[in-house]
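**Student:** One structure, as structure tokens, below. Some questions next.
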Amino acid sequence: MKKFLHLIGAATLALSLAACGGTDEEAPDTGADEAGEAQEEAVTLSVGASAVPHAEILEAAKPLLAEEGIELEIVPFQDYILPNHALRDGDIDANYFQTPGYLEMQIEENDYDFVSIGEVHAEPIGIYSQEYSSLDELPEGANIIMSDSISDHGRILPIFERAGLIELDVAEGELATVDNIVSNPKNLRFGETQVEARMLAPSFESGEGDAVAINTNYALEGGIDIEQYGIAFEGEDVLQPNLIVVRAEDEERPEVLKLLEVLQSEEIEQFILETYNGAVIPISQ
């Protein structure tokens with residue numbers, strides 16, 4: 001009799017627990033745990049970039065990175081100085097705007113502990129003129145407006161040397177300055193007018209100088225008709241790539257390596273080709 005009552009009591013307790021949802025088997029599966037785990041795994045990656053084309057390319061990469069659990073935060077900059085300051089100070093995780101020559105110069109001048117993790121695209125510097133349709137048409141003593149970045153001078157002057165207008169005493173690939181000009185039959189005036197790179201397009205639009213050497217990103221951002229006004233460009237064989245740069249300590253960080261992988265993907269390559277019509281050239285790996 002006592003055994004029977006004990007069994008009845010056990011059964012009643014089991015039914016009571018089931019009614020209250022007290023068993024693991026009866027608890028509804030809401031998927032909350034899985035959602036919580038996914039949320040914990042999501043990582044935010046902040047990248048500083050020039051507005052055009054870098055930030056636009058990053059926008060195209062956003063959904064591809066989201067599929068990998070990375071939320072991309074794009075931080076636009078209007079100049080070439082602040083993105084490296086922000087990276088140094090830890091305000092961003094990476095930046096995307098600079099070439100190897102500029103990066104090397106900035107590391108030397110500022111003692112940045114930065115590394116490039118890879119190349120994405122190239123932008124030929126162009127010579128633009130509202131009056132002349134070729135370099136050969138430039139008159140005696142023509143004023144060539146350039147940026148105040150010496151690393152850009154090393155890309156601009158070889159354009160004129162290849163056209164036979166000047167001669168430099170440095171080997172191709174070495175950083176040239178106006179002091180390296182050893183022959184200049186037309187007495188072209190290089191660098192007498194130097195402005196910040198972001199002000200080159202406004203200088204061109206206002207008709208300053210006989211020609212203006214403009215970085216492609218600023219020509220695009222300034223709405224300049226590259227096909228109409230561009231009279232000469234860097235050769236594709238000497239183009240400097242635009243890099244993804246990080247602090248040295250983050251060189252192997254999985255999120256930045258995934259960023260590079262996406263930016264070098266076929267999807268982003270097609271986006272660049274279709275969007276910029278040759279003004280921006282993807283670096284095929």
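Quick note on naming: the chains in the structure tokens go A, B, ... in the order shown, residues restart at 1 in each chain, and ligands are numbered from 1 in order of appearance.
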Report as a list of chain:residue names all protein, DNA and RNA residues lying within 8 Å of Tyr132 (chain A), evaluated on only C-alpha atoms, omitting residues in the same chain fewer than 5 positions from it.
**Tutor:**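 So the residues in contact are A:Glu137, A:Leu138, A:Asp210, A:Ile231.
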**Student:** With 7 Å as the cut-off and only C-alpha atoms counted, what is the closest atom pair between each nearby residue of region 173-224 of chain A and region 47-68 of chain A? Distances in Å to one decimal, ordered by chain and number, as JSON lines.
**Tutor:**
{"residue": "A:Asn217", "atom": "CA", "partner": "A:Val52", "partner_atom": "CA", "distance": 5.4}
{"residue": "A:Leu220", "atom": "CA", "partner": "A:Val52", "partner_atom": "CA", "distance": 6.7}
{"residue": "A:Glu221", "atom": "CA", "partner": "A:Val52", "partner_atom": "CA", "distance": 5.7}
**Student:** Give me, as a PyMOL selection string, the residues of region 13-232 of chain A that a backbone DSSP run labels strand (DSSP E or B).
**Tutor:** chain A and resi 43-50+70-77+94-96+114-122+126-128+143-147+167-168+181-183+189-195+211-214+230-232
**Student:** Write to file, as a tab-separated table (two decimals), in the first residue's frame, the residues of the selection just made, with C-alpha atoms.
**Tutor:**
chain	number	residue	atom	x	y	z
A	43	VAL	CA	32.47	42.22	-35.26
A	44	THR	CA	32.51	45.91	-36.18
A	45	LEU	CA	35.41	46.99	-38.38
A	46	SER	CA	35.98	50.72	-38.90
A	47	VAL	CA	37.88	51.79	-42.02
A	48	GLY	CA	38.96	55.33	-42.90
A	49	ALA	CA	38.80	56.19	-46.57
A	50	SER	CA	38.74	58.96	-49.15
A	70	ILE	CA	31.58	41.69	-40.07
A	71	GLU	CA	29.78	45.01	-39.76
A	72	LEU	CA	31.74	47.58	-41.76
A	73	GLU	CA	31.84	51.15	-40.50
A	74	ILE	CA	33.13	53.58	-43.15
A	75	VAL	CA	34.78	56.76	-41.89
A	76	PRO	CA	35.26	59.28	-44.75
A	77	PHE	CA	38.16	61.73	-44.83
A	94	ALA	CA	42.39	50.33	-40.99
A	95	ASN	CA	42.58	52.90	-43.74
A	96	TYR	CA	42.23	52.70	-47.49
A	114	PHE	CA	51.96	50.64	-39.94
A	115	VAL	CA	51.98	47.86	-42.52
A	116	SER	CA	50.12	47.27	-45.76
A	117	ILE	CA	48.23	44.00	-45.88
A	118	GLY	CA	47.50	44.19	-49.60
A	119	GLU	CA	46.55	46.07	-52.77
A	120	VAL	CA	43.06	46.80	-54.10
A	121	HIS	CA	43.12	49.20	-57.05
A	122	ALA	CA	45.17	51.86	-58.84
A	126	GLY	CA	46.34	62.70	-64.78
A	127	ILE	CA	47.38	65.99	-66.33
A	128	TYR	CA	44.29	68.13	-67.04
A	143	ASN	CA	52.70	76.68	-65.36
A	144	ILE	CA	51.99	73.13	-64.14
A	145	ILE	CA	50.05	73.11	-60.86
A	146	MET	CA	50.87	70.16	-58.60
A	147	SER	CA	49.90	68.98	-55.14
A	167	GLU	CA	64.75	64.68	-68.54
A	168	LEU	CA	65.29	63.41	-64.99
A	181	ILE	CA	65.05	67.85	-63.69
A	182	VAL	CA	68.25	68.14	-65.74
A	183	SER	CA	66.71	69.10	-69.08
A	189	ARG	CA	57.30	75.61	-64.48
A	190	PHE	CA	56.71	72.71	-62.10
A	191	GLY	CA	55.65	73.25	-58.54
A	192	GLU	CA	55.71	77.04	-58.51
A	193	THR	CA	52.04	76.69	-57.62
A	194	GLN	CA	51.41	73.89	-55.12
A	195	VAL	CA	48.11	73.25	-53.35
A	211	ALA	CA	47.68	72.37	-66.72
A	212	VAL	CA	46.90	70.76	-63.38
A	213	ALA	CA	48.13	67.36	-62.18
A	214	ILE	CA	45.20	65.79	-60.31
A	230	GLY	CA	42.67	64.59	-69.29
A	231	ILE	CA	45.60	65.06	-71.69
A	232	ALA	CA	48.11	62.58	-70.22
**Student:** Write out as a list in words which residues come within 12 Å of Gly278 (chain A) when counting only C-alpha atoms, dropping same-chain ones fewer than 5 positions away.
**Tutor:**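 The contact residues come out as His121, Ala122, Glu123, Pro124, Thr216, Leu220, Ile226, Glu227, Phe233, Glu236, Glu269, Gln270, Phe271, Ile272 and Leu273 of chain A.
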**Student:** Give the alpha helix (DSSP H) residues of region 49-235 of chain A, as DSSP finds them on the backbone, and put them as a PDB file with C-alpha atoms, in the first residue's frame.
**Tutor:**
ATOM      1  CA  GLU A  56      32.130  53.910 -52.585  1.00  0.00           C
ATOM      2  CA  ILE A  57      34.054  50.666 -53.057  1.00  0.00           C
ATOM      3  CA  LEU A  58      33.725  49.933 -49.343  1.00  0.00           C
ATOM      4  CA  GLU A  59      29.954  50.507 -49.579  1.00  0.00           C
ATOM      5  CA  ALA A  60      29.822  47.847 -52.278  1.00  0.00           C
ATOM      6  CA  ALA A  61      31.769  45.510 -49.986  1.00  0.00           C
ATOM      7  CA  LYS A  62      29.464  46.045 -46.992  1.00  0.00           C
ATOM      8  CA  PRO A  63      26.898  43.310 -47.749  1.00  0.00           C
ATOM      9  CA  LEU A  64      29.642  40.821 -48.633  1.00  0.00           C
ATOM     10  CA  LEU A  65      31.328  41.440 -45.287  1.00  0.00           C
ATOM     11  CA  ALA A  66      27.995  41.233 -43.459  1.00  0.00           C
ATOM     12  CA  LEU A  82      44.020  62.649 -40.917  1.00  0.00           C
ATOM     13  CA  PRO A  83      43.400  58.997 -41.923  1.00  0.00           C
ATOM     14  CA  ASN A  84      46.871  58.053 -40.681  1.00  0.00           C
ATOM     15  CA  HIS A  85      46.480  60.106 -37.496  1.00  0.00           C
ATOM     16  CA  ALA A  86      43.185  58.309 -36.805  1.00  0.00           C
ATOM     17  CA  LEU A  87      44.764  54.909 -37.415  1.00  0.00           C
ATOM     18  CA  ARG A  88      47.686  55.703 -35.121  1.00  0.00           C
ATOM     19  CA  PRO A 100      53.240  52.623 -51.259  1.00  0.00           C
ATOM     20  CA  GLY A 101      55.282  55.762 -51.919  1.00  0.00           C
ATOM     21  CA  TYR A 102      53.076  57.913 -49.731  1.00  0.00           C
ATOM     22  CA  LEU A 103      52.933  55.273 -46.976  1.00  0.00           C
ATOM     23  CA  GLU A 104      56.720  54.972 -46.937  1.00  0.00           C
ATOM     24  CA  MET A 105      57.104  58.743 -46.709  1.00  0.00           C
ATOM     25  CA  GLN A 106      54.549  59.014 -43.894  1.00  0.00           C
ATOM     26  CA  ILE A 107      56.162  56.219 -41.879  1.00  0.00           C
ATOM     27  CA  GLU A 108      59.549  57.879 -42.231  1.00  0.00           C
ATOM     28  CA  GLU A 109      58.261  61.324 -41.258  1.00  0.00           C
ATOM     29  CA  ASN A 110      55.933  60.284 -38.417  1.00  0.00           C
ATOM     30  CA  ILE A 150      56.313  65.283 -52.693  1.00  0.00           C
ATOM     31  CA  SER A 151      55.395  61.637 -53.228  1.00  0.00           C
ATOM     32  CA  ASP A 152      52.971  62.785 -55.949  1.00  0.00           C
ATOM     33  CA  HIS A 153      55.774  64.694 -57.686  1.00  0.00           C
ATOM     34  CA  GLY A 154      57.549  61.378 -58.145  1.00  0.00           C
ATOM     35  CA  ARG A 155      54.539  60.163 -60.113  1.00  0.00           C
ATOM     36  CA  ILE A 156      53.850  63.358 -62.072  1.00  0.00           C
ATOM     37  CA  LEU A 157      57.294  64.228 -63.439  1.00  0.00           C
ATOM     38  CA  PRO A 158      57.823  60.859 -65.210  1.00  0.00           C
ATOM     39  CA  ILE A 159      54.649  61.564 -67.223  1.00  0.00           C
ATOM     40  CA  PHE A 160      56.419  64.561 -68.754  1.00  0.00           C
ATOM     41  CA  GLU A 161      59.676  62.665 -69.149  1.00  0.00           C
ATOM     42  CA  ARG A 162      57.954  59.884 -71.072  1.00  0.00           C
ATOM     43  CA  LEU A 200      43.500  70.538 -57.237  1.00  0.00           C
ATOM     44  CA  ALA A 201      40.083  70.054 -58.828  1.00  0.00           C
ATOM     45  CA  PRO A 202      38.849  73.507 -57.698  1.00  0.00           C
ATOM     46  CA  SER A 203      42.089  75.019 -59.052  1.00  0.00           C
ATOM     47  CA  PHE A 204      41.407  73.375 -62.402  1.00  0.00           C
ATOM     48  CA  GLU A 205      37.774  74.489 -62.462  1.00  0.00           C
ATOM     49  CA  THR A 216      42.038  60.539 -59.956  1.00  0.00           C
ATOM     50  CA  ASN A 217      40.031  60.274 -56.736  1.00  0.00           C
ATOM     51  CA  TYR A 218      39.870  64.056 -56.484  1.00  0.00           C
ATOM     52  CA  ALA A 219      39.102  64.420 -60.195  1.00  0.00           C
ATOM     53  CA  LEU A 220      36.157  62.052 -59.737  1.00  0.00           C
ATOM     54  CA  GLU A 221      35.044  63.752 -56.547  1.00  0.00           C
ATOM     55  CA  ILE A 226      38.288  62.889 -67.242  1.00  0.00           C
ATOM     56  CA  GLU A 227      37.894  61.875 -70.883  1.00  0.00           C
ATOM     57  CA  GLN A 228      37.412  65.450 -72.086  1.00  0.00           C
ATOM     58  CA  TYR A 229      40.086  67.254 -70.080  1.00  0.00           C
TER      59      TYR A 229
END
**Student:** Neighbours of Glu140 (chain A) within 8 Å (only C-alpha atoms; same-chain residues fewer than 3 positions away dropped), as a VMD selection string?
**Tutor:** chain A and resid 186 to 188
**Student:** One number please: CA of Val238 (chain A) to CA of Leu259 (chain A), in Å, one decimal.
**Tutor:**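 Between these atoms lies a distance of 25.6 Å.
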**Student:** Using only C-alpha atoms, find the one residue out of A:Glu174, A:Tyr80, A:Tyr112, A:Ile92 that sits nearest to Val256 (chain A).
**Tutor:**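 Ranking A:Glu174, A:Tyr80, A:Tyr112, A:Ile92 by distance to Val256 (chain A), first place goes to A:Ile92.
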